[in-house]
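This report refers to the structure that appears directly beneath it.
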Number of protein chains: 2
Amino acid sequence: MRRTQPAPAFPSPGHDHAPCLKETLKRASDAFEANGLRLTPLRRRVLEEVAGSHHAVGAYEILERLSQKERTRMAPISVYRALDALLEMGVVHRLESRNAYFACHAAHGKHGARQIVLACERCAMVAEIATPAAFEAIDGAARGTGFAPTRVMVEVAGLCTSCAASPQ
Amino acid sequence: MRRTQPAPAFPSPGHDHAPCLKETLKRASDAFEANGLRLTPLRRRVLEEVAGSHHAVGAYEILERLSQKERTRMAPISVYRALDALLEMGVVHRLESRNAYFACHAAHGKHGARQIVLACERCAMVAEIATPAAFEAIDGAARGTGFAPTRVMVEVAGLCTSCAASPQ
DNA sequence: GTTCTATGGGTACAATATAACACTATTCGC
DNA sequence: GCGAATAGTGTTATATTGTACCCATAGAAC
Ligand SMILES: [Zn+2]
Ligand SMILES: [Zn+2]
Ligand SMILES: [Zn+2]
Ligand SMILES: [Zn+2]
């Protein structure tokens, strides 16, 4: 169970993603169980679509992929309900600035949800990184005005390493 | 032109909003002119709706208000086009986490768009506050991964002073 | 005048998300 | 086992948010 390397925020496009996916599924399963709920087949299939890469995907894209793979016609609401459950468990996050969803591949149970989100404008790849100093500054500034924060969203749009390097 | 007091981040609900509105309209007019564009009647009307308070409003809410006031039936696209122009000029911002729009009442030409957004979950009141330390931490963390940021969005959901004080 | 850009009216449509209702599956207490 | 409570899903329809496309007008540039 040793980690030879801390996973980079943006894994290379050709990296072996199987471990990422497996770990995420495991965390999901544990999270549901810890809350007396279940990672049902539907939820698992939706999660597999989202967690199949480090990219943000739209709800309707998930819907289409599942409908193709399984030759069924699911209703949007089914996907949204599964997503809601996964969001609730914290294994999927919503990219607010793009109405999209991405799997939490970062083990950030420790910091709560306090990670900033980096999202590539070109390829939609997403990375979360812990940035305590940022959240402390934000909390302090907010409280200084009398505001009582309940949730902090930090999303950074830009170019990921791969896209910044590639032409165009 | 002296300011007796720095405006509080969350002005009291009963404050005299006329100066806020006037100043925002002036900045808008200047910004359009500086870019060789015009604060047309349509754009001005849309801005007046948005800047009429410190609250975030939806595009369709703007549409309905204008349609009522002017007894016309505008198309959504007209409002969105005006909003796009106002966003471009930086006199209106988009609250990404709520698909809503709010006027920039903060004079933050100086810091670029580098202010964090506090948005009340109950009343939708919005305030922007400069928080250089947060943006520095975010920039640093992002660049440290090889990510090239182009836009940073910080939105804090919670309760504003008034709502936190009032029961329920 | 001709040309270019900015502006926006009008129609239809795309993309994202939820409401309402019925039904099945699982758990829990007894 | 049995009934009640809760979790989970299917089905249908609808709500909310945002654009594509085509064309008409106004003003500035040349
Ligand atoms: Zn991976
Ligand atoms: Zn990229
Ligand atoms: Zn005001
Ligand atoms: Zn409030």
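Ordering of the structure tokens sets the chain letters (A, B, ...), residue numbers begin anew at 1 in every chain, and ligands are numbered from 1 in the order given.
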Next on the checklist: What's around range 2-8 of chain D at 12 Å? Count only C-alpha atoms (C1' of nucleotides), leave out sequence neighbours fewer than 3 positions away in its own chain, and write the answer as a ChimeraX atom specification.
Outcome noted: /A:36-43,78,81-82,85 /C:23-30
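What chain B places within 6 Å of chain A, counting only C-alpha atoms, is B:Glu96, B:Ser97, B:Ala134, B:Ala137, B:Gly146, B:Phe147, B:Ala148, B:Pro149, B:Thr150, B:Arg151, B:Val152, B:Met153, B:Val154, B:Glu155, B:Val156, B:Ala157, B:Gly158, B:Leu159, B:Cys160, B:Thr161.
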Item to check | Selected residue, from B:His93, B:His54, B:Arg122, B:Lys26, that lies nearest to ligand 3 when counting only C-alpha atoms and all ligand atoms | outcome: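 Of B:His93, B:His54, B:Arg122, B:Lys26, the one nearest ligand 3, counting only C-alpha atoms and all ligand atoms, is B:His54.
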Next on the checklist: Near chain C, meaning an atom within 10 Å, which residues of chain A appear when counting only C-alpha atoms (C1' of nucleotides)? Write them as an NGL selection string.
Outcome noted: :A and (58-60 or 76-77 or 80 or 99-100)
Would you mind listing, for every residue of chain B within 8 Å of ligand 3, the two atoms forming the shortest contact and the distance between them in Å to one decimal, using only C-alpha atoms and all ligand atoms, sorted by chain and ascending residue number, as CSV?
residue,atom,partner,partner_atom_place_in_ligand_line,distance
B:Pro11,CA,ligand 3,1 (Zn),6.4
B:His15,CA,ligand 3,1 (Zn),6.5
B:Asp16,CA,ligand 3,1 (Zn),6.4
B:His17,CA,ligand 3,1 (Zn),3.8
B:Ala18,CA,ligand 3,1 (Zn),6.9
B:Pro19,CA,ligand 3,1 (Zn),7.1
B:Cys20,CA,ligand 3,1 (Zn),4.7
B:Leu21,CA,ligand 3,1 (Zn),6.7
B:Gly52,CA,ligand 3,1 (Zn),7.8
B:Ser53,CA,ligand 3,1 (Zn),6.0
B:His54,CA,ligand 3,1 (Zn),6.0
B:His105,CA,ligand 3,1 (Zn),7.6
Export, as a PDB file, in the first residue's frame, the selected residues with C-alpha atoms.
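What landed in again-v9.pdb:
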ATOM      1  CA  PRO B  11     -25.097  48.235   2.931  1.00  0.00           C
ATOM      2  CA  HIS B  15     -29.767  52.707   2.779  1.00  0.00           C
ATOM      3  CA  ASP B  16     -30.059  55.441   0.197  1.00  0.00           C
ATOM      4  CA  HIS B  17     -29.313  53.516  -2.945  1.00  0.00           C
ATOM      5  CA  ALA B  18     -29.590  56.397  -5.393  1.00  0.00           C
ATOM      6  CA  PRO B  19     -25.887  57.286  -5.192  1.00  0.00           C
ATOM      7  CA  CYS B  20     -24.901  53.629  -5.695  1.00  0.00           C
ATOM      8  CA  LEU B  21     -27.008  53.449  -8.821  1.00  0.00           C
ATOM      9  CA  GLY B  52     -31.296  48.791  -8.797  1.00  0.00           C
ATOM     10  CA  SER B  53     -30.233  46.800  -5.765  1.00  0.00           C
ATOM     11  CA  HIS B  54     -27.311  44.884  -4.371  1.00  0.00           C
ATOM     12  CA  HIS B 105     -21.044  48.496  -7.037  1.00  0.00           C
TER      13      HIS B 105
END
Next on the checklist: If you run DSSP on the backbone here, which positions in range 46-135 of chain B get strand (DSSP E or B)? Please write them as a ChimeraX atom specification.
Outcome noted: /B:55,57,92-95,100-103,115-120,125-130
Go ahead and write the selection's residues with C-alpha atoms as a PDB file, in the first residue's frame.
ATOM      1  CA  HIS B  55     -28.997  41.598  -5.136  1.00  0.00           C
ATOM      2  CA  VAL B  57     -31.108  38.647 -10.365  1.00  0.00           C
ATOM      3  CA  VAL B  92     -22.054  43.559 -14.270  1.00  0.00           C
ATOM      4  CA  HIS B  93     -20.785  40.225 -13.016  1.00  0.00           C
ATOM      5  CA  ARG B  94     -22.212  36.767 -13.229  1.00  0.00           C
ATOM      6  CA  LEU B  95     -22.837  34.770 -10.075  1.00  0.00           C
ATOM      7  CA  ALA B 100     -27.571  35.122 -11.864  1.00  0.00           C
ATOM      8  CA  TYR B 101     -26.215  38.574 -12.492  1.00  0.00           C
ATOM      9  CA  PHE B 102     -25.333  41.458 -10.229  1.00  0.00           C
ATOM     10  CA  ALA B 103     -24.074  44.972 -10.683  1.00  0.00           C
ATOM     11  CA  GLN B 115     -12.478  40.493  -5.715  1.00  0.00           C
ATOM     12  CA  ILE B 116     -14.195  37.673  -3.941  1.00  0.00           C
ATOM     13  CA  VAL B 117     -17.976  37.519  -4.070  1.00  0.00           C
ATOM     14  CA  LEU B 118     -20.121  37.045  -0.995  1.00  0.00           C
ATOM     15  CA  ALA B 119     -23.650  35.969  -1.833  1.00  0.00           C
ATOM     16  CA  CYS B 120     -26.426  35.524   0.719  1.00  0.00           C
ATOM     17  CA  MET B 125     -27.622  40.093  -1.634  1.00  0.00           C
ATOM     18  CA  VAL B 126     -24.129  40.275  -3.038  1.00  0.00           C
ATOM     19  CA  ALA B 127     -20.958  42.034  -1.993  1.00  0.00           C
ATOM     20  CA  GLU B 128     -17.525  42.099  -3.534  1.00  0.00           C
ATOM     21  CA  ILE B 129     -14.451  42.568  -1.442  1.00  0.00           C
ATOM     22  CA  ALA B 130     -10.829  42.831  -2.420  1.00  0.00           C
TER      23      ALA B 130
END
Next on the checklist: For a quick test of understanding: name the residues of chain D lying within 10 Å of chain B when counting only C-alpha atoms (C1' of nucleotides), and present them as an MDAnalysis selection string.
Outcome noted: chainID D and resid 16:19
Item to check | Residues of chain A in helix (DSSP H, G or I), written as an MDAnalysis selection string | outcome: chainID A and resid 18:34 41:51 59:70 76:89 96:98 132:144 161:165
Item to check | Pick from A:Asn35, A:Arg45, A:Arg27, A:Val50 nearest to ligand 1, counting only C-alpha atoms and all ligand atoms | outcome: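 So, comparing all the options, the nearest one is A:Val50.
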Item to check | Selected residue of minimal separation from ligand 2 among A:Gly90, A:Ala56, A:Asp30, A:Glu64, counting only C-alpha atoms and all ligand atoms | outcome: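 Once distances to ligand 2 are computed over only C-alpha atoms and all ligand atoms, the minimum belongs to A:Ala56.
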Next on the checklist: Using Å and a single decimal, report how far CA of Gln68 in chain B sits from CA of Ser29 in chain B.
Outcome noted: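 That distance, rounded to one decimal, is 25.1 Å.
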